[in-house]
$ cat structure_4.pdb   # PDB, C-alpha atoms, pLDDT in the B column
ATOM      1  CA  MET A   1       1.963 -68.641   6.843  1.00 48.00           C
ATOM      2  CA  ASN A   2       1.961 -66.284   3.869  1.00 47.00           C
ATOM      3  CA  PRO A   3       0.402 -68.114   0.845  1.00 47.00           C
ATOM      4  CA  PHE A   4       2.381 -65.907  -1.554  1.00 44.00           C
ATOM      5  CA  SER A   5       5.878 -66.614  -0.229  1.00 44.00           C
ATOM      6  CA  GLY A   6       8.545 -69.037  -1.450  1.00 46.00           C
ATOM      7  CA  ASN A   7       7.347 -72.171  -3.240  1.00 45.00           C
ATOM      8  CA  THR A   8       3.861 -72.066  -1.713  1.00 45.00           C
ATOM      9  CA  LEU A   9       2.368 -70.779  -4.972  1.00 42.00           C
ATOM     10  CA  MET A  10       3.851 -73.711  -6.875  1.00 44.00           C
ATOM     11  CA  ARG A  11       1.550 -76.048  -4.929  1.00 50.00           C
ATOM     12  CA  PHE A  12      -1.400 -74.754  -6.914  1.00 48.00           C
ATOM     13  CA  PRO A  13      -1.775 -76.628 -10.261  1.00 51.00           C
ATOM     14  CA  SER A  14      -3.190 -73.546 -11.993  1.00 50.00           C
ATOM     15  CA  VAL A  15      -0.100 -71.510 -11.071  1.00 44.00           C
ATOM     16  CA  ARG A  16       2.265 -74.229 -12.357  1.00 46.00           C
ATOM     17  CA  LEU A  17       0.266 -74.431 -15.612  1.00 45.00           C
ATOM     18  CA  LEU A  18       0.358 -70.633 -16.001  1.00 45.00           C
ATOM     19  CA  ILE A  19       4.138 -70.523 -15.483  1.00 46.00           C
ATOM     20  CA  ARG A  20       4.751 -73.406 -17.898  1.00 51.00           C
ATOM     21  CA  SER A  21       2.476 -71.832 -20.519  1.00 46.00           C
ATOM     22  CA  ALA A  22       4.165 -68.447 -20.223  1.00 45.00           C
ATOM     23  CA  THR A  23       7.587 -70.066 -20.576  1.00 42.00           C
ATOM     24  CA  ALA A  24       6.529 -72.068 -23.633  1.00 44.00           C
ATOM     25  CA  ILE A  25       4.984 -69.015 -25.301  1.00 41.00           C
ATOM     26  CA  SER A  26       8.059 -66.880 -24.657  1.00 41.00           C
ATOM     27  CA  LEU A  27      10.352 -69.522 -26.168  1.00 39.00           C
ATOM     28  CA  ALA A  28       8.238 -70.314 -29.249  1.00 41.00           C
ATOM     29  CA  GLY A  29       9.707 -68.831 -32.413  1.00 41.00           C
ATOM     30  CA  CYS A  30      12.790 -67.428 -30.706  1.00 40.00           C
ATOM     31  CA  SER A  31      16.171 -67.199 -32.300  1.00 39.00           C
ATOM     32  CA  ILE A  32      19.187 -67.875 -30.163  1.00 37.00           C
ATOM     33  CA  THR A  33      22.221 -66.013 -31.378  1.00 38.00           C
ATOM     34  CA  SER A  34      25.776 -66.902 -30.591  1.00 37.00           C
ATOM     35  CA  SER A  35      28.247 -64.091 -30.207  1.00 38.00           C
ATOM     36  CA  THR A  36      30.927 -66.163 -31.918  1.00 42.00           C
ATOM     37  CA  ASP A  37      30.125 -66.998 -35.500  1.00 45.00           C
ATOM     38  CA  GLN A  38      27.063 -69.235 -35.687  1.00 44.00           C
ATOM     39  CA  SER A  39      23.392 -69.099 -34.851  1.00 45.00           C
ATOM     40  CA  VAL A  40      21.003 -71.844 -33.864  1.00 42.00           C
ATOM     41  CA  GLU A  41      17.401 -71.761 -34.922  1.00 45.00           C
ATOM     42  CA  LEU A  42      14.470 -72.585 -32.656  1.00 41.00           C
ATOM     43  CA  TYR A  43      11.006 -72.856 -34.134  1.00 42.00           C
ATOM     44  CA  PRO A  44       7.764 -74.138 -32.637  1.00 41.00           C
ATOM     45  CA  ALA A  45       8.527 -77.406 -34.484  1.00 39.00           C
ATOM     46  CA  GLY A  46      11.862 -77.770 -32.653  1.00 40.00           C
ATOM     47  CA  ILE A  47      15.497 -77.311 -33.567  1.00 44.00           C
ATOM     48  CA  GLN A  48      16.118 -77.151 -37.304  1.00 50.00           C
ATOM     49  CA  ALA A  49      19.279 -78.423 -38.983  1.00 64.00           C
ATOM     50  CA  GLY A  50      21.987 -76.046 -40.104  1.00 82.00           C
ATOM     51  CA  SER A  51      23.261 -72.579 -39.507  1.00 91.00           C
ATOM     52  CA  LEU A  52      24.958 -69.674 -41.192  1.00 95.00           C
ATOM     53  CA  ALA A  53      28.558 -69.069 -40.144  1.00 95.00           C
ATOM     54  CA  ALA A  54      29.881 -65.512 -40.417  1.00 97.00           C
ATOM     55  CA  THR A  55      33.345 -64.127 -39.727  1.00 97.00           C
ATOM     56  CA  ALA A  56      35.147 -60.867 -40.444  1.00 97.00           C
ATOM     57  CA  SER A  57      38.027 -60.677 -42.904  1.00 97.00           C
ATOM     58  CA  THR A  58      40.003 -57.782 -44.357  1.00 97.00           C
ATOM     59  CA  GLU A  59      37.801 -57.880 -47.483  1.00 97.00           C
ATOM     60  CA  GLY A  60      34.413 -58.103 -45.736  1.00 98.00           C
ATOM     61  CA  ILE A  61      32.122 -60.545 -43.948  1.00 98.00           C
ATOM     62  CA  VAL A  62      32.651 -64.181 -44.930  1.00 98.00           C
ATOM     63  CA  LEU A  63      29.409 -66.177 -44.940  1.00 97.00           C
ATOM     64  CA  SER A  64      29.095 -69.943 -45.093  1.00 96.00           C
ATOM     65  CA  ASN A  65      25.698 -71.572 -45.640  1.00 95.00           C
ATOM     66  CA  GLN A  66      25.764 -74.716 -43.523  1.00 93.00           C
ATOM     67  CA  THR A  67      22.122 -75.575 -44.167  1.00 91.00           C
ATOM     68  CA  ASP A  68      20.454 -77.711 -46.804  1.00 89.00           C
ATOM     69  CA  ARG A  69      18.339 -74.781 -48.097  1.00 89.00           C
ATOM     70  CA  LEU A  70      18.732 -71.427 -49.823  1.00 90.00           C
ATOM     71  CA  VAL A  71      19.616 -68.726 -47.300  1.00 94.00           C
ATOM     72  CA  PHE A  72      18.718 -65.080 -47.886  1.00 95.00           C
ATOM     73  CA  PHE A  73      20.616 -62.474 -45.870  1.00 96.00           C
ATOM     74  CA  THR A  74      21.488 -58.862 -45.245  1.00 95.00           C
ATOM     75  CA  ALA A  75      24.542 -57.479 -43.421  1.00 96.00           C
ATOM     76  CA  LEU A  76      24.547 -54.243 -41.392  1.00 96.00           C
ATOM     77  CA  GLU A  77      26.626 -52.374 -38.858  1.00 97.00           C
ATOM     78  CA  ARG A  78      25.131 -53.306 -35.482  1.00 95.00           C
ATOM     79  CA  GLU A  79      24.054 -49.825 -34.288  1.00 95.00           C
ATOM     80  CA  PHE A  80      22.893 -48.883 -37.793  1.00 93.00           C
ATOM     81  CA  SER A  81      20.691 -52.005 -37.819  1.00 92.00           C
ATOM     82  CA  THR A  82      18.416 -50.428 -35.188  1.00 89.00           C
ATOM     83  CA  LEU A  83      17.492 -47.688 -37.663  1.00 91.00           C
ATOM     84  CA  VAL A  84      16.570 -49.971 -40.558  1.00 90.00           C
ATOM     85  CA  ASP A  85      13.194 -51.473 -41.401  1.00 88.00           C
ATOM     86  CA  LEU A  86      14.332 -54.791 -42.857  1.00 87.00           C
ATOM     87  CA  ASN A  87      12.893 -56.163 -46.083  1.00 86.00           C
ATOM     88  CA  PHE A  88      13.017 -59.952 -45.881  1.00 91.00           C
ATOM     89  CA  CYS A  89      13.381 -60.483 -49.612  1.00 92.00           C
ATOM     90  CA  VAL A  90      12.904 -64.008 -50.969  1.00 92.00           C
ATOM     91  CA  ASP A  91      13.074 -63.237 -54.684  1.00 89.00           C
ATOM     92  CA  VAL A  92      15.977 -65.318 -56.035  1.00 88.00           C
ATOM     93  CA  ALA A  93      16.439 -62.951 -58.999  1.00 88.00           C
ATOM     94  CA  LYS A  94      16.776 -59.831 -56.791  1.00 91.00           C
ATOM     95  CA  CYS A  95      18.295 -61.062 -53.541  1.00 91.00           C
ATOM     96  CA  ASP A  96      21.107 -63.440 -54.554  1.00 91.00           C
ATOM     97  CA  PRO A  97      20.768 -66.081 -51.812  1.00 94.00           C
ATOM     98  CA  LEU A  98      23.474 -68.475 -50.679  1.00 95.00           C
ATOM     99  CA  VAL A  99      23.002 -72.005 -51.976  1.00 93.00           C
ATOM    100  CA  PRO A 100      23.586 -74.935 -49.575  1.00 93.00           C
ATOM    101  CA  GLY A 101      27.295 -75.261 -48.790  1.00 94.00           C
ATOM    102  CA  GLU A 102      28.225 -71.954 -50.459  1.00 96.00           C
ATOM    103  CA  ARG A 103      30.908 -69.699 -48.983  1.00 97.00           C
ATOM    104  CA  ARG A 104      30.879 -66.026 -50.012  1.00 98.00           C
ATOM    105  CA  THR A 105      32.480 -62.770 -48.916  1.00 98.00           C
ATOM    106  CA  VAL A 106      30.248 -59.710 -48.665  1.00 98.00           C
ATOM    107  CA  PRO A 107      32.576 -56.752 -49.345  1.00 98.00           C
ATOM    108  CA  TRP A 108      32.645 -54.083 -46.634  1.00 98.00           C
ATOM    109  CA  ALA A 109      31.349 -51.574 -49.195  1.00 97.00           C
ATOM    110  CA  ARG A 110      28.120 -53.639 -49.461  1.00 97.00           C
ATOM    111  CA  VAL A 111      27.561 -53.835 -45.692  1.00 97.00           C
ATOM    112  CA  MET A 112      24.948 -51.214 -44.738  1.00 96.00           C
ATOM    113  CA  GLY A 113      26.291 -48.654 -42.277  1.00 96.00           C
ATOM    114  CA  TYR A 114      29.908 -49.823 -42.626  1.00 97.00           C
ATOM    115  CA  ALA A 115      32.537 -47.507 -41.163  1.00 96.00           C
ATOM    116  CA  SER A 116      36.179 -48.341 -40.571  1.00 95.00           C
ATOM    117  CA  ASP A 117      35.913 -47.383 -36.880  1.00 96.00           C
ATOM    118  CA  ARG A 118      32.943 -49.707 -36.227  1.00 96.00           C
ATOM    119  CA  ARG A 119      33.667 -53.125 -34.734  1.00 96.00           C
ATOM    120  CA  GLU A 120      30.350 -55.007 -34.572  1.00 97.00           C
ATOM    121  CA  TYR A 121      28.116 -56.069 -37.424  1.00 97.00           C
ATOM    122  CA  VAL A 122      25.011 -58.191 -37.636  1.00 97.00           C
ATOM    123  CA  VAL A 123      23.990 -60.563 -40.407  1.00 97.00           C
ATOM    124  CA  TYR A 124      20.259 -61.299 -40.549  1.00 95.00           C
ATOM    125  CA  TRP A 125      19.357 -64.456 -42.462  1.00 96.00           C
ATOM    126  CA  TRP A 126      16.205 -66.376 -43.332  1.00 94.00           C
ATOM    127  CA  TYR A 127      14.718 -69.006 -45.603  1.00 90.00           C
ATOM    128  CA  GLY A 128      12.180 -68.559 -48.374  1.00 85.00           C
ATOM    129  CA  GLU A 129       9.280 -70.969 -47.797  1.00 80.00           C
ATOM    130  CA  PRO A 130       6.479 -71.693 -50.278  1.00 74.00           C
ATOM    131  CA  SER A 131       3.209 -70.040 -49.280  1.00 75.00           C
ATOM    132  CA  GLY A 132       0.247 -70.210 -51.618  1.00 76.00           C
ATOM    133  CA  GLY A 133       2.260 -69.870 -54.830  1.00 75.00           C
ATOM    134  CA  ALA A 134       4.655 -67.126 -53.731  1.00 78.00           C
ATOM    135  CA  PRO A 135       7.512 -67.711 -51.298  1.00 83.00           C
ATOM    136  CA  ARG A 136       7.612 -65.855 -47.997  1.00 84.00           C
ATOM    137  CA  ALA A 137      10.375 -65.297 -45.455  1.00 87.00           C
ATOM    138  CA  ASN A 138      10.492 -67.844 -42.659  1.00 85.00           C
ATOM    139  CA  GLY A 139      12.733 -68.193 -39.623  1.00 81.00           C
ATOM    140  CA  ALA A 140      14.636 -64.910 -39.304  1.00 87.00           C
ATOM    141  CA  ASN A 141      17.940 -65.388 -37.467  1.00 93.00           C
ATOM    142  CA  SER A 142      20.973 -63.260 -36.733  1.00 94.00           C
ATOM    143  CA  VAL A 143      24.702 -63.658 -36.290  1.00 95.00           C
ATOM    144  CA  ILE A 144      26.942 -61.063 -34.654  1.00 96.00           C
ATOM    145  CA  VAL A 145      30.294 -60.500 -36.356  1.00 97.00           C
ATOM    146  CA  LYS A 146      33.148 -58.735 -34.551  1.00 97.00           C
ATOM    147  CA  ARG A 147      36.154 -57.189 -36.350  1.00 93.00           C
TER     148      ARG A 147
END

$ encode --input "structure_4.pdb" --output "structure tokens"
Amino acid sequence: MNPFSGNTLMRFPSVRLLIRSATAISLAGCSITSSTDQSVELYPAGIQAGSLAATASTEGIVLSNQTDRLVFFTALEREFSTLVDLNFCVDVAKCDPLVPGERRTVPWARVMGYASDRREYVVYWWYGEPSGGAPRANGANSVIVKR
């Protein structure tokens, strides 16, 4: 009998622990993105309440803050987003976050990399959390928007 075939390895407690640990580590801090119009946040503390809804309109990308916190964001054309080093700004005076319950349209002209022939865009969004006197970005998420 080959000890490395089928479920034989799973009989060893150390192997089961290693597999469970690797799974837990790979899931910690992940963001699950829906290809429709919402994202769900997963943090080590568990599922957090709220999401950011995003849909395309003729004027731009319509965002709706469905959380109970300020949401900072940036919108980019999907392929263009791979070329950008994102700045997760949390300065309320410079970044104009969405307040809880706010609905706002980001004009196409303000979407980085926008082109009329492009069909997929990504909205990155995050919270500003207090950290030793100055806020820092926490919980980066993304939503894919299709035109």

$ resolve_selection --input "structure_4.pdb" --expression "the PyMOL selection byres ((chain A and resi 90-102) around 10)" --output "PyMOL selection string"
chain A and resi 50+52+63-74+87-89+103-104+125-129+134-138

$ atom_distance --input "structure_4.pdb" --atom1 "CA of Glu77 in chain A" --atom2 "CA of Ser51 in chain A"
20.5 Å

$ atom_distance --input "structure_4.pdb" --atom1 "CA of Pro130 in chain A" --atom2 "CA of Ile61 in chain A"
28.7 Å

$ atom_distance --input "structure_4.pdb" --atom1 "CA of Asp85 in chain A" --atom2 "CA of Thr58 in chain A"
27.7 Å

$ residues_around --input "structure_4.pdb" --residues "Arg147 in chain A" --least-positions-apart "5" --cutoff "8 Å" --atoms "only C-alpha atoms" --output "list in words"
Ala56, Ser57, Arg119 and Glu120 of chain A

$ closest_residue --input "structure_4.pdb" --among "A:Val123, A:Val106, A:Val143, A:Met112" --to "Gly60 in chain A" --atoms "all atoms listed in the file"
A:Val106

$ closest_residue --input "structure_4.pdb" --among "A:Val111, A:Tyr124, A:Gly132, A:Gly139" --to "Leu86 in chain A" --atoms "only C-alpha atoms"
A:Tyr124

$ axis_aligned_box --input "structure_4.pdb" --around "range 70-80 of chain A" --padding-each-side "8 Å" --output "AutoDock Vina command-line options"
--center_x 22.7 --center_y -60.2 --center_z -42.1 --size_x 23.9 --size_y 38.5 --size_z 31.5

$ closest_residue --input "structure_4.pdb" --among "A:Val122, A:Val84, A:Leu76, A:Pro107" --to "Val62 in chain A" --atoms "only C-alpha atoms"
A:Pro107

$ closest_residue --input "structure_4.pdb" --among "A:Thr105, A:Glu59, A:Ala75, A:Gly113" --to "Val145 in chain A" --atoms "only C-alpha atoms"
A:Ala75
